[in-house]
Every structure is written in structure tokens, then in C-alpha cells.
$ cat coords-v4.txt   # compact mmCIF, N, CA and C atoms and all ligand atoms
# COMPACT_ATOMS: atom_id res chain seq x y z
N MET A 181 0.30 7.04 -20.43
CA MET A 181 -0.22 6.72 -19.09
C MET A 181 0.54 7.54 -18.02
N THR A 182 -0.17 8.18 -17.10
CA THR A 182 0.51 8.97 -16.07
C THR A 182 1.24 8.04 -15.10
N ASP A 183 2.15 8.62 -14.35
CA ASP A 183 2.87 7.85 -13.32
C ASP A 183 1.88 7.20 -12.35
N THR A 184 0.87 7.95 -11.98
CA THR A 184 -0.08 7.44 -11.00
C THR A 184 -0.88 6.27 -11.58
N LYS A 185 -1.33 6.42 -12.81
CA LYS A 185 -2.09 5.32 -13.43
C LYS A 185 -1.22 4.07 -13.55
N LYS A 186 0.05 4.27 -13.87
CA LYS A 186 0.98 3.14 -13.98
C LYS A 186 1.12 2.45 -12.62
N LEU A 187 1.23 3.26 -11.58
CA LEU A 187 1.37 2.71 -10.23
C LEU A 187 0.13 1.90 -9.84
N VAL A 188 -1.04 2.42 -10.19
CA VAL A 188 -2.29 1.71 -9.91
C VAL A 188 -2.32 0.37 -10.65
N GLN A 189 -1.87 0.37 -11.89
CA GLN A 189 -1.84 -0.88 -12.66
C GLN A 189 -0.90 -1.90 -12.01
N LYS A 190 0.23 -1.41 -11.49
CA LYS A 190 1.17 -2.32 -10.80
C LYS A 190 0.52 -2.92 -9.55
N ALA A 191 -0.25 -2.11 -8.84
CA ALA A 191 -0.93 -2.61 -7.63
C ALA A 191 -2.01 -3.63 -8.01
N ILE A 192 -2.71 -3.38 -9.09
CA ILE A 192 -3.74 -4.33 -9.56
C ILE A 192 -3.08 -5.66 -9.90
N LYS A 193 -1.94 -5.59 -10.54
CA LYS A 193 -1.20 -6.80 -10.93
C LYS A 193 -0.69 -7.54 -9.68
N ALA A 194 -0.15 -6.80 -8.73
CA ALA A 194 0.38 -7.41 -7.50
C ALA A 194 -0.73 -8.13 -6.74
N ARG A 195 -1.92 -7.57 -6.81
CA ARG A 195 -3.08 -8.16 -6.10
C ARG A 195 -3.37 -9.59 -6.58
N GLU A 196 -3.01 -9.88 -7.81
CA GLU A 196 -3.22 -11.23 -8.35
C GLU A 196 -2.43 -12.28 -7.58
N ASN A 197 -1.35 -11.86 -6.93
CA ASN A 197 -0.51 -12.81 -6.18
C ASN A 197 -0.94 -12.97 -4.72
N SER A 198 -2.02 -12.31 -4.34
CA SER A 198 -2.46 -12.36 -2.95
C SER A 198 -2.62 -13.80 -2.46
N TYR A 199 -2.12 -14.03 -1.23
CA TYR A 199 -2.38 -15.31 -0.56
C TYR A 199 -3.37 -15.01 0.57
N SER A 200 -4.65 -15.14 0.26
CA SER A 200 -5.66 -14.75 1.25
C SER A 200 -6.80 -15.77 1.31
N PRO A 201 -6.44 -17.05 1.61
CA PRO A 201 -7.48 -18.09 1.64
C PRO A 201 -8.43 -17.96 2.82
N TYR A 202 -8.06 -17.20 3.85
CA TYR A 202 -8.90 -17.08 5.04
C TYR A 202 -9.91 -15.96 4.91
N SER A 203 -9.47 -14.83 4.39
CA SER A 203 -10.40 -13.69 4.24
C SER A 203 -11.02 -13.64 2.85
N ASN A 204 -10.37 -14.27 1.88
CA ASN A 204 -10.78 -14.09 0.48
C ASN A 204 -10.87 -12.61 0.13
N TYR A 205 -9.91 -11.86 0.61
CA TYR A 205 -9.93 -10.40 0.40
C TYR A 205 -8.56 -9.98 -0.12
N PRO A 206 -8.32 -10.15 -1.42
CA PRO A 206 -7.00 -9.80 -1.96
C PRO A 206 -6.76 -8.29 -2.01
N VAL A 207 -5.55 -7.91 -1.68
CA VAL A 207 -5.14 -6.50 -1.70
C VAL A 207 -3.81 -6.41 -2.44
N GLY A 208 -3.65 -5.37 -3.22
CA GLY A 208 -2.38 -5.14 -3.91
C GLY A 208 -1.87 -3.74 -3.62
N ALA A 209 -0.55 -3.59 -3.61
CA ALA A 209 0.04 -2.28 -3.35
C ALA A 209 1.25 -2.08 -4.26
N ALA A 210 1.51 -0.82 -4.58
CA ALA A 210 2.71 -0.48 -5.34
C ALA A 210 3.24 0.84 -4.79
N LEU A 211 4.52 0.83 -4.42
CA LEU A 211 5.15 1.96 -3.74
C LEU A 211 6.23 2.55 -4.64
N LEU A 212 6.11 3.83 -4.90
CA LEU A 212 7.08 4.52 -5.77
C LEU A 212 8.15 5.20 -4.92
N GLY A 213 9.39 4.79 -5.10
CA GLY A 213 10.51 5.41 -4.40
C GLY A 213 10.93 6.69 -5.11
N ALA A 214 11.65 7.55 -4.39
CA ALA A 214 12.10 8.83 -4.96
C ALA A 214 13.04 8.60 -6.14
N ASP A 215 13.69 7.45 -6.15
CA ASP A 215 14.61 7.12 -7.26
C ASP A 215 13.87 6.59 -8.49
N GLY A 216 12.55 6.48 -8.40
CA GLY A 216 11.76 6.02 -9.54
C GLY A 216 11.48 4.53 -9.53
N ASP A 217 12.13 3.80 -8.62
CA ASP A 217 11.87 2.36 -8.54
C ASP A 217 10.50 2.11 -7.91
N ILE A 218 9.86 1.02 -8.33
CA ILE A 218 8.55 0.65 -7.80
C ILE A 218 8.66 -0.69 -7.09
N TYR A 219 8.12 -0.73 -5.87
CA TYR A 219 8.12 -1.95 -5.06
C TYR A 219 6.66 -2.38 -4.87
N THR A 220 6.36 -3.62 -5.21
CA THR A 220 4.98 -4.07 -5.09
C THR A 220 4.82 -4.97 -3.87
N GLY A 221 3.57 -5.14 -3.46
CA GLY A 221 3.27 -6.03 -2.33
C GLY A 221 1.85 -6.53 -2.41
N THR A 222 1.61 -7.64 -1.75
CA THR A 222 0.25 -8.15 -1.63
C THR A 222 0.09 -8.73 -0.24
N ASN A 223 -1.16 -8.94 0.18
CA ASN A 223 -1.33 -9.50 1.53
C ASN A 223 -1.01 -10.99 1.52
N VAL A 224 -0.33 -11.40 2.58
CA VAL A 224 0.07 -12.80 2.75
C VAL A 224 -0.46 -13.25 4.11
N GLU A 225 -1.47 -14.12 4.06
CA GLU A 225 -2.12 -14.54 5.30
C GLU A 225 -1.49 -15.81 5.86
N ASN A 226 -1.91 -16.15 7.08
CA ASN A 226 -1.37 -17.33 7.74
C ASN A 226 -2.46 -17.96 8.59
N GLY A 227 -2.43 -19.28 8.69
CA GLY A 227 -3.41 -20.00 9.49
C GLY A 227 -3.26 -19.73 10.99
N VAL A 228 -2.13 -19.22 11.40
CA VAL A 228 -1.95 -18.83 12.79
C VAL A 228 -2.35 -17.36 12.92
N ASN A 229 -3.34 -17.10 13.79
CA ASN A 229 -3.83 -15.73 13.95
C ASN A 229 -2.70 -14.76 14.29
N GLY A 230 -2.73 -13.64 13.63
CA GLY A 230 -1.76 -12.58 13.96
C GLY A 230 -0.54 -12.59 13.08
N LEU A 231 -0.37 -13.61 12.26
CA LEU A 231 0.85 -13.68 11.45
C LEU A 231 0.65 -13.16 10.02
N SER A 232 -0.55 -12.80 9.68
CA SER A 232 -0.80 -12.28 8.32
C SER A 232 -0.20 -10.88 8.20
N ILE A 233 0.12 -10.52 6.96
CA ILE A 233 0.67 -9.17 6.75
C ILE A 233 -0.03 -8.51 5.57
N CYS A 234 -0.22 -7.22 5.70
CA CYS A 234 -0.93 -6.44 4.67
C CYS A 234 -0.04 -6.15 3.47
N ALA A 235 -0.71 -5.89 2.35
CA ALA A 235 -0.02 -5.60 1.09
C ALA A 235 0.91 -4.38 1.20
N GLU A 236 0.45 -3.34 1.86
CA GLU A 236 1.22 -2.10 1.95
C GLU A 236 2.54 -2.32 2.69
N ARG A 237 2.46 -3.11 3.78
CA ARG A 237 3.68 -3.33 4.57
C ARG A 237 4.65 -4.25 3.85
N VAL A 238 4.12 -5.19 3.07
CA VAL A 238 5.03 -6.03 2.26
C VAL A 238 5.80 -5.13 1.29
N ALA A 239 5.10 -4.23 0.63
CA ALA A 239 5.77 -3.33 -0.34
C ALA A 239 6.80 -2.45 0.38
N LEU A 240 6.40 -1.90 1.52
CA LEU A 240 7.33 -1.02 2.25
C LEU A 240 8.56 -1.77 2.75
N PHE A 241 8.35 -2.96 3.30
CA PHE A 241 9.49 -3.71 3.86
C PHE A 241 10.42 -4.20 2.75
N LYS A 242 9.83 -4.53 1.60
CA LYS A 242 10.69 -4.89 0.46
C LYS A 242 11.60 -3.71 0.11
N ALA A 243 11.00 -2.53 0.03
CA ALA A 243 11.76 -1.34 -0.38
C ALA A 243 12.83 -0.98 0.65
N VAL A 244 12.44 -0.94 1.91
CA VAL A 244 13.39 -0.54 2.96
C VAL A 244 14.52 -1.55 3.05
N SER A 245 14.17 -2.81 2.91
CA SER A 245 15.22 -3.84 3.01
C SER A 245 16.15 -3.84 1.80
N GLU A 246 15.71 -3.20 0.73
CA GLU A 246 16.59 -3.04 -0.45
C GLU A 246 17.40 -1.74 -0.37
N GLY A 247 17.19 -0.97 0.71
CA GLY A 247 17.99 0.25 0.91
C GLY A 247 17.31 1.53 0.50
N THR A 248 16.08 1.45 0.01
CA THR A 248 15.37 2.67 -0.38
C THR A 248 14.82 3.36 0.88
N ARG A 249 15.02 4.66 0.94
CA ARG A 249 14.62 5.39 2.14
C ARG A 249 13.69 6.57 1.87
N GLU A 250 13.49 6.90 0.61
CA GLU A 250 12.60 8.03 0.31
C GLU A 250 11.51 7.59 -0.64
N PHE A 251 10.30 8.01 -0.34
CA PHE A 251 9.14 7.53 -1.09
C PHE A 251 8.23 8.69 -1.48
N GLU A 252 7.59 8.52 -2.63
CA GLU A 252 6.70 9.57 -3.12
C GLU A 252 5.23 9.21 -3.03
N ARG A 253 4.91 7.98 -3.42
CA ARG A 253 3.50 7.66 -3.64
C ARG A 253 3.26 6.17 -3.44
N LEU A 254 2.10 5.82 -2.90
CA LEU A 254 1.73 4.42 -2.75
C LEU A 254 0.32 4.22 -3.27
N ALA A 255 0.16 3.26 -4.17
CA ALA A 255 -1.18 2.89 -4.65
C ALA A 255 -1.61 1.61 -3.96
N VAL A 256 -2.86 1.57 -3.54
CA VAL A 256 -3.39 0.37 -2.89
C VAL A 256 -4.76 0.04 -3.52
N VAL A 257 -4.94 -1.26 -3.80
CA VAL A 257 -6.13 -1.71 -4.53
C VAL A 257 -6.79 -2.87 -3.79
N CYS A 258 -8.09 -2.76 -3.59
CA CYS A 258 -8.88 -3.89 -3.09
C CYS A 258 -10.28 -3.74 -3.66
N GLU A 259 -11.22 -4.56 -3.20
CA GLU A 259 -12.52 -4.55 -3.86
C GLU A 259 -13.37 -3.33 -3.50
N ASP A 260 -12.93 -2.55 -2.53
CA ASP A 260 -13.68 -1.33 -2.16
C ASP A 260 -13.69 -0.35 -3.33
N GLU A 261 -14.59 0.61 -3.26
CA GLU A 261 -14.62 1.64 -4.30
C GLU A 261 -13.28 2.36 -4.33
N TYR A 262 -12.79 2.73 -3.12
CA TYR A 262 -11.44 3.31 -2.99
C TYR A 262 -10.80 2.63 -1.78
N CYS A 263 -9.75 1.87 -2.04
CA CYS A 263 -9.17 1.01 -1.00
C CYS A 263 -8.40 1.85 0.03
N LYS A 264 -8.74 1.70 1.30
CA LYS A 264 -8.13 2.51 2.34
C LYS A 264 -7.16 1.67 3.18
N PRO A 265 -5.93 2.15 3.34
CA PRO A 265 -4.96 1.41 4.17
C PRO A 265 -5.42 1.33 5.62
N CYS A 266 -5.17 0.20 6.27
CA CYS A 266 -5.55 0.05 7.67
C CYS A 266 -4.69 0.93 8.56
N GLY A 267 -5.10 1.05 9.80
CA GLY A 267 -4.38 1.92 10.74
C GLY A 267 -2.94 1.49 10.97
N ALA A 268 -2.71 0.18 11.07
CA ALA A 268 -1.35 -0.31 11.29
C ALA A 268 -0.45 0.07 10.12
N CYS A 269 -0.98 -0.04 8.91
CA CYS A 269 -0.17 0.34 7.73
C CYS A 269 0.08 1.83 7.70
N ARG A 270 -0.90 2.63 8.07
CA ARG A 270 -0.70 4.08 8.10
C ARG A 270 0.46 4.43 9.04
N GLN A 271 0.44 3.83 10.23
CA GLN A 271 1.50 4.12 11.20
C GLN A 271 2.85 3.63 10.70
N THR A 272 2.88 2.47 10.08
CA THR A 272 4.15 1.92 9.59
C THR A 272 4.70 2.79 8.45
N LEU A 273 3.82 3.22 7.58
CA LEU A 273 4.25 4.04 6.44
C LEU A 273 4.75 5.41 6.88
N ILE A 274 4.08 6.01 7.87
CA ILE A 274 4.42 7.40 8.23
C ILE A 274 5.80 7.49 8.86
N GLU A 275 6.26 6.40 9.45
CA GLU A 275 7.62 6.35 10.00
C GLU A 275 8.65 6.62 8.91
N HIS A 276 8.41 6.12 7.72
CA HIS A 276 9.38 6.22 6.63
C HIS A 276 9.05 7.32 5.63
N ALA A 277 7.79 7.69 5.55
CA ALA A 277 7.39 8.60 4.47
C ALA A 277 6.25 9.52 4.92
N PRO A 278 6.57 10.49 5.79
CA PRO A 278 5.50 11.35 6.30
C PRO A 278 4.77 12.14 5.21
N ASP A 279 5.46 12.42 4.11
CA ASP A 279 4.81 13.21 3.05
C ASP A 279 4.25 12.35 1.92
N LEU A 280 4.08 11.07 2.21
CA LEU A 280 3.61 10.14 1.16
C LEU A 280 2.22 10.51 0.64
N GLU A 281 2.06 10.36 -0.66
CA GLU A 281 0.73 10.50 -1.27
C GLU A 281 0.13 9.10 -1.39
N ILE A 282 -1.08 8.93 -0.92
CA ILE A 282 -1.75 7.63 -0.98
C ILE A 282 -2.79 7.66 -2.10
N ILE A 283 -2.66 6.68 -2.99
CA ILE A 283 -3.62 6.55 -4.08
C ILE A 283 -4.54 5.39 -3.75
N MET A 284 -5.76 5.70 -3.37
CA MET A 284 -6.73 4.68 -2.98
C MET A 284 -7.50 4.30 -4.25
N ALA A 285 -7.33 3.05 -4.67
CA ALA A 285 -7.82 2.67 -6.00
C ALA A 285 -8.72 1.45 -5.93
N ASN A 286 -9.31 1.14 -7.06
CA ASN A 286 -10.13 -0.07 -7.17
C ASN A 286 -9.70 -0.88 -8.40
N PRO A 287 -10.19 -2.11 -8.53
CA PRO A 287 -9.70 -2.99 -9.60
C PRO A 287 -10.00 -2.47 -11.01
N GLU A 288 -10.90 -1.50 -11.11
CA GLU A 288 -11.18 -0.92 -12.44
C GLU A 288 -10.17 0.17 -12.80
N GLY A 289 -9.32 0.52 -11.84
CA GLY A 289 -8.29 1.53 -12.11
C GLY A 289 -8.70 2.94 -11.72
N ASN A 290 -9.89 3.09 -11.15
CA ASN A 290 -10.29 4.42 -10.65
C ASN A 290 -9.61 4.67 -9.31
N TYR A 291 -9.34 5.93 -9.01
CA TYR A 291 -8.66 6.20 -7.75
C TYR A 291 -8.96 7.59 -7.21
N ARG A 292 -8.58 7.75 -5.96
CA ARG A 292 -8.67 9.02 -5.24
C ARG A 292 -7.34 9.19 -4.52
N SER A 293 -6.84 10.42 -4.49
CA SER A 293 -5.54 10.69 -3.89
C SER A 293 -5.70 11.45 -2.58
N VAL A 294 -4.89 11.06 -1.58
CA VAL A 294 -4.97 11.75 -0.28
C VAL A 294 -3.58 11.71 0.37
N GLY A 295 -3.26 12.72 1.15
CA GLY A 295 -1.98 12.72 1.86
C GLY A 295 -2.03 11.77 3.05
N LEU A 296 -0.93 11.05 3.28
CA LEU A 296 -0.88 10.14 4.43
C LEU A 296 -1.13 10.90 5.74
N LYS A 297 -0.61 12.12 5.80
CA LYS A 297 -0.81 12.93 7.02
C LYS A 297 -2.29 13.21 7.28
N ASP A 298 -3.06 13.29 6.19
CA ASP A 298 -4.50 13.52 6.35
C ASP A 298 -5.21 12.25 6.81
N LEU A 299 -4.62 11.08 6.45
CA LEU A 299 -5.21 9.81 6.89
C LEU A 299 -4.83 9.48 8.33
N LEU A 300 -3.72 10.07 8.80
CA LEU A 300 -3.25 9.79 10.15
C LEU A 300 -2.78 11.09 10.82
N PRO A 301 -3.73 11.95 11.17
CA PRO A 301 -3.35 13.22 11.79
C PRO A 301 -2.77 12.99 13.19
N GLU A 302 -1.84 13.85 13.56
CA GLU A 302 -1.22 13.80 14.90
C GLU A 302 -0.67 12.41 15.21
N ALA A 303 0.06 11.86 14.24
CA ALA A 303 0.61 10.51 14.38
C ALA A 303 1.66 10.45 15.49
N PHE A 304 1.77 9.31 16.10
CA PHE A 304 2.84 9.06 17.06
C PHE A 304 4.19 9.12 16.35
N ASN A 305 5.16 9.75 16.99
CA ASN A 305 6.51 9.82 16.42
C ASN A 305 7.50 9.79 17.59
N LEU A 306 8.32 8.78 17.67
CA LEU A 306 9.23 8.64 18.82
C LEU A 306 10.30 9.72 18.83
N1 LIG B 1 -5.35 -5.94 4.28
C1 LIG B 1 -4.33 -5.36 3.58
O1 LIG B 1 -3.57 -6.02 2.88
N2 LIG B 1 -4.17 -4.02 3.69
C2 LIG B 1 -4.96 -3.21 4.46
O2 LIG B 1 -4.68 -2.02 4.57
C3 LIG B 1 -6.12 -3.75 5.14
C4 LIG B 1 -6.28 -5.22 5.11
C5 LIG B 1 -5.50 -7.40 4.20
C6 LIG B 1 -5.22 -8.12 5.47
C7 LIG B 1 -6.02 -9.38 5.29
O3 LIG B 1 -5.23 -10.32 4.56
C8 LIG B 1 -7.20 -8.97 4.42
O4 LIG B 1 -6.84 -7.72 3.86
C9 LIG B 1 -8.51 -8.84 5.17
O5 LIG B 1 -8.36 -8.06 6.29
$ encode --input "coords-v4.txt" --output "C-alpha cells" --more "lines below"
Ligand code: THU
Amino acid sequence: MTDTKKLVQKAIKARENSYSPYSNYPVGAALLGADGDIYTGTNVENGVNGLSICAERVALFKAVSEGTREFERLAVVCEDEYCKPCGACRQTLIEHAPDLEIIMANPEGNYRSVGLKDLLPEAFNL
């Protein structure tokens, strides 16, 4: 199994833990650090509007809070043919990993690869 396929499988597995009773839209993510470690995430919703968090940001915040600072690739899985990270996640990810490769995948394990910079051209950078 290639590294990318393995990452997609981790995202599919993480999606099983989704807490999404309001949207019924589970999302899973798996983020590969430069050190080879993988950090997974899923969306965690809340009954108070605005407090829900996306799968990609859970994975990123887990990694950053564990001290990882360099990232290679992120797989994201939802029911779409190819799951696309939302704008807020793109902006959050690009702060830490401008050269990140995004693997947009589906629950069957099919995927498409795209550069984060291509998903968020001319991004804000303080
Ligand atoms: N969601 C993600 O987890 N990642 C995205 O990139 C887009 C949306 C979640 C948020 C919410 O729990 C559900 O999908 C429906 O919007």
C-alpha cells in the first residue's frame, strides 16, 4: 500500500469517530508530518452555533500541540466524490504548511491530489 493510500485509510477510519448529530455529515482527516507521524481528526459539532470544528483543524491542532511543525500531506474524506477542505481549513493549514499536498478522497478510497497553494491562491499571510 502506498503512503497516500495508507493516509486515506486512516482518514476513513477517523471519520467513524465523527460527532456530527446536527449535520449528519461525517468527515475524517489524516495529516502526515515530515517525521512520518500521522495525526488524525474528525469533525466535532456542538449544539451552540459556531463551536463546531472541522476534521482537518482537529488533525492540525493535535499535531501542532504535540510539537510537530512540518507537514507533507493531508487526506480528507467525506461523502463527496472528492472531499474538499473548507475555506477556513485552507487558511488554517496554509499558516503551518504552505507546501502541503491535499488528498481529496471518498469513503471508497478513491482520491485526487492537489497542492494547498492551488486551493488557496494568494493567501493572506501576516
Ligand atoms: N466539515 C469538516 O469537517 N471539514 C470541512 O472542510 C468542511 C466541513 C464539517 C463541519 C460540519 O461538522 C460538517 O462538516 C458539515 O458542514
$ residues_around --input "coords-v4.txt" --residues "Ala277 (chain A)" --least-positions-apart "6" --cutoff "8 Å" --atoms "all atoms listed in the file" --output "ChimeraX atom specification"
/A:249-252,296-297
$ residues_near_ligand --input "coords-v4.txt" --ligand "ligand LIG 1 (chain B)" --cutoff "9 Å" --atoms "only C-alpha atoms and all ligand atoms" --output "ChimeraX atom specification"
/A:198-209,221-226,232-238,256-258,263-270
$ closest_residue --input "coords-v4.txt" --among "A:Leu273, A:Leu187, A:Gly247, A:Leu306" --to "Ile218 (chain A)" --atoms "only N, CA and C atoms"
A:Leu187
$ axis_aligned_box --input "coords-v4.txt" --around "region 274-293 of chain A" --padding-each-side "5 Å" --output "lines of an AutoDock Vina configuration file"
center_x = -0.9
center_y = 5.1
center_z = -1.4
size_x = 30.6
size_y = 26.2
size_z = 32.8
$ atom_distance --input "coords-v4.txt" --atom1 "atom N of Arg292 (chain A)" --atom2 "atom N of Arg195 (chain A)"
16.7 Å
$ select_by_dssp --input "coords-v4.txt" --residues "chain A" --states "alpha helix (DSSP H)" --output "ChimeraX atom specification"
/A:183-195,235-245,267-276,296-299
$ write_last_selection --input "coords-v4.txt" --atoms "N, CA and C atoms" --output "short mmCIF file (atom, residue, chain, number, x, y, z; two decimals), in the frame of the given file"
data_model
loop_
_atom_site.label_atom_id
_atom_site.label_comp_id
_atom_site.auth_asym_id
_atom_site.auth_seq_id
_atom_site.Cartn_x
_atom_site.Cartn_y
_atom_site.Cartn_z
N ASP A 183 2.15 8.62 -14.35
CA ASP A 183 2.87 7.85 -13.32
C ASP A 183 1.88 7.20 -12.35
N THR A 184 0.87 7.95 -11.98
CA THR A 184 -0.08 7.44 -11.00
C THR A 184 -0.88 6.27 -11.58
N LYS A 185 -1.33 6.42 -12.81
CA LYS A 185 -2.09 5.32 -13.43
C LYS A 185 -1.22 4.07 -13.55
N LYS A 186 0.05 4.27 -13.87
CA LYS A 186 0.98 3.14 -13.98
C LYS A 186 1.12 2.45 -12.62
N LEU A 187 1.23 3.26 -11.58
CA LEU A 187 1.37 2.71 -10.23
C LEU A 187 0.13 1.90 -9.84
N VAL A 188 -1.04 2.42 -10.19
CA VAL A 188 -2.29 1.71 -9.91
C VAL A 188 -2.32 0.37 -10.65
N GLN A 189 -1.87 0.37 -11.89
CA GLN A 189 -1.84 -0.88 -12.66
C GLN A 189 -0.90 -1.90 -12.01
N LYS A 190 0.23 -1.41 -11.49
CA LYS A 190 1.17 -2.32 -10.80
C LYS A 190 0.52 -2.92 -9.55
N ALA A 191 -0.25 -2.11 -8.84
CA ALA A 191 -0.93 -2.61 -7.63
C ALA A 191 -2.01 -3.63 -8.01
N ILE A 192 -2.71 -3.38 -9.09
CA ILE A 192 -3.74 -4.33 -9.56
C ILE A 192 -3.08 -5.66 -9.90
N LYS A 193 -1.94 -5.59 -10.54
CA LYS A 193 -1.20 -6.80 -10.93
C LYS A 193 -0.69 -7.54 -9.68
N ALA A 194 -0.15 -6.80 -8.73
CA ALA A 194 0.38 -7.41 -7.50
C ALA A 194 -0.73 -8.13 -6.74
N ARG A 195 -1.92 -7.57 -6.81
CA ARG A 195 -3.08 -8.16 -6.10
C ARG A 195 -3.37 -9.59 -6.58
N ALA A 235 -0.71 -5.89 2.35
CA ALA A 235 -0.02 -5.60 1.09
C ALA A 235 0.91 -4.38 1.20
N GLU A 236 0.45 -3.34 1.86
CA GLU A 236 1.22 -2.10 1.95
C GLU A 236 2.54 -2.32 2.69
N ARG A 237 2.46 -3.11 3.78
CA ARG A 237 3.68 -3.33 4.57
C ARG A 237 4.65 -4.25 3.85
N VAL A 238 4.12 -5.19 3.07
CA VAL A 238 5.03 -6.03 2.26
C VAL A 238 5.80 -5.13 1.29
N ALA A 239 5.10 -4.23 0.63
CA ALA A 239 5.77 -3.33 -0.34
C ALA A 239 6.80 -2.45 0.38
N LEU A 240 6.40 -1.90 1.52
CA LEU A 240 7.33 -1.02 2.25
C LEU A 240 8.56 -1.77 2.75
N PHE A 241 8.35 -2.96 3.30
CA PHE A 241 9.49 -3.71 3.86
C PHE A 241 10.42 -4.20 2.75
N LYS A 242 9.83 -4.53 1.60
CA LYS A 242 10.69 -4.89 0.46
C LYS A 242 11.60 -3.71 0.11
N ALA A 243 11.00 -2.53 0.03
CA ALA A 243 11.76 -1.34 -0.38
C ALA A 243 12.83 -0.98 0.65
N VAL A 244 12.44 -0.94 1.91
CA VAL A 244 13.39 -0.54 2.96
C VAL A 244 14.52 -1.55 3.05
N SER A 245 14.17 -2.81 2.91
CA SER A 245 15.22 -3.84 3.01
C SER A 245 16.15 -3.84 1.80
N GLY A 267 -5.10 1.05 9.80
CA GLY A 267 -4.38 1.92 10.74
C GLY A 267 -2.94 1.49 10.97
N ALA A 268 -2.71 0.18 11.07
CA ALA A 268 -1.35 -0.31 11.29
C ALA A 268 -0.45 0.07 10.12
N CYS A 269 -0.98 -0.04 8.91
CA CYS A 269 -0.17 0.34 7.73
C CYS A 269 0.08 1.83 7.70
N ARG A 270 -0.90 2.63 8.07
CA ARG A 270 -0.70 4.08 8.10
C ARG A 270 0.46 4.43 9.04
N GLN A 271 0.44 3.83 10.23
CA GLN A 271 1.50 4.12 11.20
C GLN A 271 2.85 3.63 10.70
N THR A 272 2.88 2.47 10.08
CA THR A 272 4.15 1.92 9.59
C THR A 272 4.70 2.79 8.45
N LEU A 273 3.82 3.22 7.58
CA LEU A 273 4.25 4.04 6.44
C LEU A 273 4.75 5.41 6.88
N ILE A 274 4.08 6.01 7.87
CA ILE A 274 4.42 7.40 8.23
C ILE A 274 5.80 7.49 8.86
N GLU A 275 6.26 6.40 9.45
CA GLU A 275 7.62 6.35 10.00
C GLU A 275 8.65 6.62 8.91
N HIS A 276 8.41 6.12 7.72
CA HIS A 276 9.38 6.22 6.63
C HIS A 276 9.05 7.32 5.63
N LEU A 296 -0.93 11.05 3.28
CA LEU A 296 -0.88 10.14 4.43
C LEU A 296 -1.13 10.90 5.74
N LYS A 297 -0.61 12.12 5.80
CA LYS A 297 -0.81 12.93 7.02
C LYS A 297 -2.29 13.21 7.28
N ASP A 298 -3.06 13.29 6.19
CA ASP A 298 -4.50 13.52 6.35
C ASP A 298 -5.21 12.25 6.81
N LEU A 299 -4.62 11.08 6.45
CA LEU A 299 -5.21 9.81 6.89
C LEU A 299 -4.83 9.48 8.33
#
$ atom_distance --input "coords-v4.txt" --atom1 "CA of Ala255 (chain A)" --atom2 "atom N of Ile283 (chain A)"
4.4 Å
$ atom_distance --input "coords-v4.txt" --atom1 "CA of Glu288 (chain A)" --atom2 "atom C of Asp183 (chain A)"
15.4 Å
